[in-house]
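Below is one structure; the comments refer to it alone.
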Amino acid sequence: MAEYGAHITTASVADDQPSIFEVVAQDSLMTAVRPALQHVVKVFAESNPAHWDFLWRWFDEIFTLLDLLLQQHYLSKTSASFSENFYGLKRIVMEDSRKVQTLASAGLPKKHLWKSIMFLVLLPYLKVKLEKLVSSLREEDEYSIHPPSSHWKRFYRAFLAAYPFVNMAWEGWFLVQQLQYILGKAQHHSPLLRLAGVRLGRLTVQDIQALEQRPQASMMQQPARSISKKIKSALKKGLGGVAMSLSTGLSVSVFFLQFLDWWYSSENQETIKSLTALPTPPPPVHLDYNSDSPLLPKMKTVCPLCRKTRVNDTVLATSGYVFCYRCVFNYVRSHQACPITGYPTEVQHLIKLYSPEN
């Protein structure tokens, strides 16, 4: 295990605190995994919506469940999250920071384990959901989906006004903590580690030896005697096998996922555009229409749904047709399809068009 031995040349018994580069690198690992996997799922969902659309719609929940299994396995087996273990780090309980420390193979105590899982898995899930809610509310506020005057509208406008300041305070909290860590004034680079009651340290030679010997010791253990113990043992082995397969696959593909993250990053967008520049495709050929699908109006400025001059021109990315925003938003939200072609469509496929007059 090269990642376990990478720290031996720099670590010392007196000072096992990792550098800021190590902790930032392990933080960015899982941050890069999510968008890369999300892009892969999006490609599958768009290529075959009938079979893979549920993966896209429930991506956050599925990713959170898999992340929960992965982190629980590593925290209980190596006293570290997946990314921390990958960089040869471990979590040390602050109450036990004495001369003799528990080996990483012993795992974290249950209290600190579930605290760590809450901050590693649950908190990022809630943050993603909150960001999506804010984005949805901003979109509805921009196009006035709700009635012009209501208590709800005043409430979510106040929420939207306060959210940037709350988010700035949250990010500033992390920045101050990292600056204190760099200056040697704090033992934690993240306030979440302090709340979990742990700090990060490098794996020692004893930790590495114990982690390598643990699989052999577990294979030599005798099977459980009672049926209930056998069932519990089978469940633990099953969950452990799922987590191990996830960790193995993720370890192998982590560099590929980081490459995907770089490839689709904002810094590389110009390169992507130059490599993927293709002629504009012809409009789709419609062989049949749904019974309730309106025919296209003769005038190009008329909305096919309301048959009036378009307001807030919005195009469907799945078909290329242009409608009023209010008309197509309500139709797509109800039918999940393009009104003209019947192609599977979601609200995120709506693209606002801006003209020089606007």
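By order of appearance in the structure tokens: chains A, B, ..., then residues from 1 within every chain, and ligands from 1 in the order shown.
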Name the residues in contact with region 299-316 of chain A at a cut-off of 12 Å, using only C-alpha atoms, excluding same-chain residues fewer than 2 positions from it; report them as an MDAnalysis selection string. chainID A and resid 142:144 292:297 318:332 336:355 357:358
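Minimum atom-to-atom distances from A:Thr78, A:Ser83, A:Gln72, A:Thr64 to Tyr125 (chain A) were compared using only C-alpha atoms, and the lowest value belongs to A:Thr64.
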Residue nearest Lys132 (chain A) - candidates A:Gln177, A:Ser105, A:Ile117, A:Asp60, atoms counted: only C-alpha atoms: A:Asp60
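Of the residues listed (A:Pro124, A:Pro191, A:Gly88, A:Pro164), A:Pro124 shows the shortest atom-to-atom separation from Thr31 (chain A); distances use only C-alpha atoms.
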Mind the document's chain letters and residue numbers, and return as a PyMOL selection string the residues of region 20-223 of chain A that DSSP labels helix (DSSP H, G or I). chain A and resi 20-47+49-57+59-78+82-86+94-96+104-106+110-143+151-182+191-196+205-219
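Taking only region 47-154 of chain A, the residues that DSSP calls strand (DSSP E) from the backbone come to Leu89, Lys90, Arg91, Ile92 and Val93 of chain A.
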Only N, CA and C atoms, please: the residues just picked out, written as a PDB file, in the first residue's frame.
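Produced file result-v1.pdb, reproduced below:
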```
ATOM      1  N   LEU A  89      -3.697   9.178   6.420  1.00  0.00           N
ATOM      2  CA  LEU A  89      -4.046   9.911   7.627  1.00  0.00           C
ATOM      3  C   LEU A  89      -5.022   9.097   8.469  1.00  0.00           C
ATOM      4  N   LYS A  90      -5.206   9.498   9.701  1.00  0.00           N
ATOM      5  CA  LYS A  90      -6.163   8.854  10.596  1.00  0.00           C
ATOM      6  C   LYS A  90      -6.763   9.902  11.514  1.00  0.00           C
ATOM      7  N   ARG A  91      -7.884   9.563  12.117  1.00  0.00           N
ATOM      8  CA  ARG A  91      -8.550  10.443  13.082  1.00  0.00           C
ATOM      9  C   ARG A  91      -8.175  10.017  14.502  1.00  0.00           C
ATOM     10  N   ILE A  92      -7.743  10.972  15.280  1.00  0.00           N
ATOM     11  CA  ILE A  92      -7.320  10.724  16.660  1.00  0.00           C
ATOM     12  C   ILE A  92      -8.304  11.424  17.587  1.00  0.00           C
ATOM     13  N   VAL A  93      -8.880  10.682  18.519  1.00  0.00           N
ATOM     14  CA  VAL A  93      -9.818  11.249  19.481  1.00  0.00           C
ATOM     15  C   VAL A  93      -9.064  12.207  20.396  1.00  0.00           C
TER      16      VAL A  93
END
```
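Note that the spacing between CA of Gly197 (chain A) and CA of Leu122 (chain A) amounts to 17.0 Å.
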Give me, as an MDAnalysis selection string, all polymer residues having an atom no more than 8 Å from His189 (chain A), counting only C-alpha atoms and skipping those fewer than 4 positions away in the same chain. chainID A and resid 20 23 174 177:178 180:181 193
Okay, now the selection with N, CA and C atoms, as an mmCIF file, in the first residue's frame?
```cif
data_model
loop_
_atom_site.group_PDB
_atom_site.id
_atom_site.type_symbol
_atom_site.label_atom_id
_atom_site.label_comp_id
_atom_site.auth_asym_id
_atom_site.auth_seq_id
_atom_site.Cartn_x
_atom_site.Cartn_y
_atom_site.Cartn_z
ATOM 1 N N ILE A 20 -0.766 21.376 5.633
ATOM 2 C CA ILE A 20 -1.988 21.942 5.067
ATOM 3 C C ILE A 20 -2.241 21.382 3.676
ATOM 4 N N VAL A 23 -4.033 17.893 4.068
ATOM 5 C CA VAL A 23 -5.423 17.945 4.494
ATOM 6 C C VAL A 23 -6.318 18.567 3.421
ATOM 7 N N PHE A 174 -14.500 28.491 7.914
ATOM 8 C CA PHE A 174 -13.534 27.484 7.486
ATOM 9 C C PHE A 174 -12.201 28.124 7.121
ATOM 10 N N GLN A 177 -10.258 29.038 10.237
ATOM 11 C CA GLN A 177 -9.725 27.833 10.865
ATOM 12 C C GLN A 177 -8.491 27.324 10.121
ATOM 13 N N GLN A 178 -8.510 27.379 8.792
ATOM 14 C CA GLN A 178 -7.355 26.934 8.013
ATOM 15 C C GLN A 178 -6.161 27.860 8.219
ATOM 16 N N GLN A 180 -5.503 29.551 10.942
ATOM 17 C CA GLN A 180 -4.980 29.224 12.264
ATOM 18 C C GLN A 180 -4.178 27.925 12.225
ATOM 19 N N TYR A 181 -4.621 26.977 11.418
ATOM 20 C CA TYR A 181 -3.900 25.708 11.289
ATOM 21 C C TYR A 181 -2.536 25.928 10.629
ATOM 22 N N LEU A 193 -14.066 19.015 12.328
ATOM 23 C CA LEU A 193 -13.280 18.050 13.089
ATOM 24 C C LEU A 193 -13.325 18.361 14.582
#
```
Measure the distance from CA of Leu66 (chain A) to CA of Met94 (chain A) in Å and round it to one decimal. 28.2 Å
